[in-house]
Amino acid sequence: MPKRSSRGPDSAIGSELQTKAPTPKVSSASSPKRQKRPSPDEIAGFQPIPEILRPNLDVLFVGINPGVVSGQKQLHFGNPQNYFWRGLYQSGLVPEEMRPEDGSMLSQRWNMSIVNLVQRTTPSTSDLSRKEMREAVPELCRKIRTCRPKIICFVGKGIYEAFVGYLRFDLGLQPEVYDMDCKCDLTQNQQQQQLPPLRQLSSSDEIQCAGTQPAIPSFAYIFVMPSTSGRAAAYRIADKLQYFRQLKHVRDCAVDAAAQGVAPSINHDLLDSLDPRQVVRSTYFSQTKKNK
């Protein structure tokens, strides 16, 4: 007796129909559209990103210039791959998570703001010439004098290189401060080189208080951190976070001192312990007061 198939009379037909069934088409409306990259002419036409300048800031962040995403959105650090906004929250500099769209809150709630060295949008920072960056320094100095921040934080080593005109320095808190009381009576050589009014931090530095509190400092600390761009692969995210934590310590010390009308006292040994590359920088500040 011939053996019957256990698949049933319609199983072969069903299998054939299944293999020949057309693949359903995905609606183009439901699939995300990739945003068209602006043309060079469109990028050249982007307006400068608005900057909020107010006096007596706690921290003034300095970026190099807008990238294409930031310029197109008109937002500071607007690329989702940029670590800046996450670093603020994860370090405790701000108490809640922020997006680039929340940038105005940085000034309104937490007394910090952002400016760019160069206003022009470019696809890459390599599109900026050294001459263009150096020529932007006087305008940045004008913004600093307007804001009189307690701390100037350069978000990228290349920005500070352009600002001071030299290459050898470590990241983190700098041994120089920005002299707010300098009337820009610079030497002819300094004027030609467009150098900012920097001087060495010393134990004689005091907050000048005319009987009012909070006091207004006569200088601004200078802090340099790695670029937060997603393209900056030299530092891991964990390392970048440590620089944000260092900055928070300096910010807290400066704010507390200003509220009390006394000179800031920064724990430089603590900053060393937070340095991801284990650079012992406390020796730079041997003349300044330390918290033990």
# chains A, B, ... in the order shown; residues from 1 in each chain; ligands from 1
call {"tool": "select_by_dssp", "arguments": {"residues": "segment 84-285 of chain A", "states": "strand (DSSP E)", "output": "list in words"}}
result
Met112, Ser113, Ile114, Val115, Asn116, Ile151, Ile152, Cys153, Phe154, Val155, Gly172, Leu173, Gln174, Pro175, Glu176, Val177, Tyr178, Asp179, Leu198, Arg199, Gln200, Phe219, Ala220, Tyr221, Ile222, Phe223, Val224 and Met225 of chain A
call {"tool": "atom_distance", "arguments": {"atom1": "atom CA of Leu274 of chain A", "atom2": "atom CA of Glu101 of chain A"}}
result
29.9 Å
call {"tool": "closest_atom_pairs", "arguments": {"of": "segment 244-287 of chain A", "to": "segment 57-68 of chain A", "cutoff": "12 Å", "atoms": "only C-alpha atoms", "output": "CSV"}}
result
residue,atom,partner,partner_atom,distance
A:Phe244,CA,A:Phe61,CA,11.7
A:Leu247,CA,A:Val59,CA,9.2
A:Lys248,CA,A:Val59,CA,9.8
A:Val250,CA,A:Val59,CA,9.9
A:Arg251,CA,A:Asp58,CA,6.8
A:Asp252,CA,A:Asp58,CA,9.1
A:Cys253,CA,A:Asp58,CA,10.6
A:Ala254,CA,A:Asp58,CA,7.9
A:Val255,CA,A:Asp58,CA,6.9
A:Asp256,CA,A:Asp58,CA,10.7
A:Ala257,CA,A:Asp58,CA,11.6
A:Ala258,CA,A:Asp58,CA,9.9
A:Ala259,CA,A:Asp58,CA,11.6
call {"tool": "write_last_selection", "arguments": {"atoms": "C-alpha atoms", "output": "mmCIF file, in the first residue's frame"}}
result
data_model
loop_
_atom_site.group_PDB
_atom_site.id
_atom_site.type_symbol
_atom_site.label_atom_id
_atom_site.label_comp_id
_atom_site.auth_asym_id
_atom_site.auth_seq_id
_atom_site.Cartn_x
_atom_site.Cartn_y
_atom_site.Cartn_z
ATOM 1 C CA PHE A 244 33.734 68.859 33.596
ATOM 2 C CA LEU A 247 35.380 72.766 36.267
ATOM 3 C CA LYS A 248 32.507 72.227 38.691
ATOM 4 C CA VAL A 250 36.458 75.582 40.431
ATOM 5 C CA ARG A 251 32.995 77.039 39.785
ATOM 6 C CA ASP A 252 31.734 76.099 43.253
ATOM 7 C CA CYS A 253 34.814 77.601 44.940
ATOM 8 C CA ALA A 254 34.583 80.841 42.955
ATOM 9 C CA VAL A 255 30.837 81.258 43.536
ATOM 10 C CA ASP A 256 31.093 80.564 47.277
ATOM 11 C CA ALA A 257 33.998 83.000 47.654
ATOM 12 C CA ALA A 258 32.183 85.749 45.758
ATOM 13 C CA ALA A 259 29.112 85.328 47.953
#
call {"tool": "closest_residue", "arguments": {"among": "A:Pro149, A:Pro264, A:Pro197, A:Pro276", "to": "Ala220 of chain A", "atoms": "only C-alpha atoms"}}
result
A:Pro149
call {"tool": "atom_distance", "arguments": {"atom1": "atom CA of Lys150 of chain A", "atom2": "atom CA of Gly230 of chain A"}}
result
27.9 Å
call {"tool": "atom_distance", "arguments": {"atom1": "atom CA of Ser91 of chain A", "atom2": "atom CA of Ile237 of chain A"}}
result
11.9 Å
call {"tool": "residues_around", "arguments": {"residues": "Leu271 of chain A", "least_positions_apart": "6", "cutoff": "10 Å", "atoms": "only C-alpha atoms", "output": "VMD selection string"}}
result
chain A and resid 172 to 173 242 to 243 245 to 247 249 to 250 278 to 282
call {"tool": "write_last_selection", "arguments": {"atoms": "C-alpha atoms", "output": "compact mmCIF listing (two decimals), in the first residue's frame"}}
result
# COMPACT_ATOMS: atom_id res chain seq x y z
CA GLY A 172 42.45 72.08 33.08
CA LEU A 173 42.84 75.15 35.27
CA GLN A 242 36.55 64.40 34.54
CA TYR A 243 37.35 67.83 33.12
CA ARG A 245 34.04 67.71 37.22
CA GLN A 246 37.19 69.76 37.65
CA LEU A 247 35.38 72.77 36.27
CA HIS A 249 34.92 72.32 41.64
CA VAL A 250 36.46 75.58 40.43
CA GLN A 278 47.43 62.15 35.85
CA VAL A 279 49.10 65.49 35.22
CA VAL A 280 50.29 66.86 38.57
CA ARG A 281 49.43 70.51 38.18
CA SER A 282 49.25 71.59 41.82
call {"tool": "residues_around", "arguments": {"residues": "segment 142-148 of chain A", "least_positions_apart": "2", "cutoff": "9 Å", "atoms": "only C-alpha atoms", "output": "list of chain:residue names"}}
result
A:Leu53, A:Arg54, A:Pro55, A:Asn56, A:Leu57, A:Asp58, A:Leu60, A:Val115, A:Val137, A:Pro138, A:Glu139, A:Leu140, A:Lys150, A:Ile151, A:Ile152, A:Met180, A:Ile216, A:Pro217, A:Ser218, A:Phe219, A:Ala220
call {"tool": "residues_around", "arguments": {"residues": "Arg130 of chain A", "least_positions_apart": "5", "cutoff": "12 Å", "atoms": "only C-alpha atoms", "output": "list in words"}}
result
Ile64, Leu117, Val118, Thr125, Glu135, Ala136, Val137, Gly158, Ile159, Tyr160, Glu161, Ala162, Phe163, Gly165 and Tyr166 of chain A
call {"tool": "write_last_selection", "arguments": {"atoms": "C-alpha atoms", "output": "PDB file, in the first residue's frame"}}
result
ATOM      1  CA  ILE A  64      35.564  77.653  18.358  1.00  0.00           C
ATOM      2  CA  LEU A 117      35.524  82.632  18.980  1.00  0.00           C
ATOM      3  CA  VAL A 118      34.554  82.783  15.280  1.00  0.00           C
ATOM      4  CA  THR A 125      37.276  73.584  12.207  1.00  0.00           C
ATOM      5  CA  GLU A 135      41.637  88.352  14.335  1.00  0.00           C
ATOM      6  CA  ALA A 136      38.607  87.246  16.386  1.00  0.00           C
ATOM      7  CA  VAL A 137      40.452  87.547  19.735  1.00  0.00           C
ATOM      8  CA  GLY A 158      42.865  74.688  19.751  1.00  0.00           C
ATOM      9  CA  ILE A 159      40.671  77.606  20.848  1.00  0.00           C
ATOM     10  CA  TYR A 160      42.989  78.503  23.702  1.00  0.00           C
ATOM     11  CA  GLU A 161      46.029  78.094  21.461  1.00  0.00           C
ATOM     12  CA  ALA A 162      44.559  80.716  19.136  1.00  0.00           C
ATOM     13  CA  PHE A 163      43.592  82.927  22.077  1.00  0.00           C
ATOM     14  CA  GLY A 165      49.250  82.514  20.762  1.00  0.00           C
ATOM     15  CA  TYR A 166      51.289  79.616  22.145  1.00  0.00           C
TER      16      TYR A 166
END
call {"tool": "closest_residue", "arguments": {"among": "A:Arg120, A:His268, A:Arg99, A:His76", "to": "Pro50 of chain A", "atoms": "only C-alpha atoms"}}
result
A:His76
call {"tool": "select_by_dssp", "arguments": {"residues": "segment 67-241 of chain A", "states": "helix (DSSP H, G or I)", "output": "ChimeraX atom specification"}}
result
/A:68-73,84-91,100-110,125-127,130-135,137-147,157-164,188-193,237-241
call {"tool": "closest_residue", "arguments": {"among": "A:Met105, A:Leu171, A:Val94, A:Ile43", "to": "Gln74 of chain A", "atoms": "only C-alpha atoms"}}
result
A:Ile43
call {"tool": "closest_residue", "arguments": {"among": "A:Cys153, A:Ile52, A:Leu93, A:Val164", "to": "Gln108 of chain A", "atoms": "only C-alpha atoms"}}
result
A:Ile52
call {"tool": "residues_around", "arguments": {"residues": "Phe77 of chain A", "least_positions_apart": "4", "cutoff": "8 Å", "atoms": "only C-alpha atoms", "output": "PyMOL selection string"}}
result
chain A and resi 66+70+82+84-85+100
call {"tool": "write_last_selection", "arguments": {"atoms": "N, CA and C atoms", "output": "mmCIF file, in the first residue's frame"}}
result
data_model
loop_
_atom_site.group_PDB
_atom_site.id
_atom_site.type_symbol
_atom_site.label_atom_id
_atom_site.label_comp_id
_atom_site.auth_asym_id
_atom_site.auth_seq_id
_atom_site.Cartn_x
_atom_site.Cartn_y
_atom_site.Cartn_z
ATOM 1 N N PRO A 66 30.581 77.594 14.916
ATOM 2 C CA PRO A 66 29.489 76.652 14.700
ATOM 3 C C PRO A 66 29.823 75.631 13.607
ATOM 4 N N SER A 70 24.950 72.839 14.033
ATOM 5 C CA SER A 70 24.686 73.951 14.954
ATOM 6 C C SER A 70 24.271 75.200 14.198
ATOM 7 N N ASN A 82 27.535 65.679 20.097
ATOM 8 C CA ASN A 82 28.390 66.509 20.943
ATOM 9 C C ASN A 82 28.104 66.221 22.406
ATOM 10 N N PHE A 84 28.780 68.098 25.061
ATOM 11 C CA PHE A 84 28.728 69.262 25.939
ATOM 12 C C PHE A 84 27.550 69.234 26.911
ATOM 13 N N TRP A 85 26.342 69.086 26.407
ATOM 14 C CA TRP A 85 25.164 69.190 27.270
ATOM 15 C C TRP A 85 25.070 68.028 28.255
ATOM 16 N N PRO A 100 20.303 70.927 23.424
ATOM 17 C CA PRO A 100 20.723 72.184 22.797
ATOM 18 C C PRO A 100 19.608 73.215 22.722
#
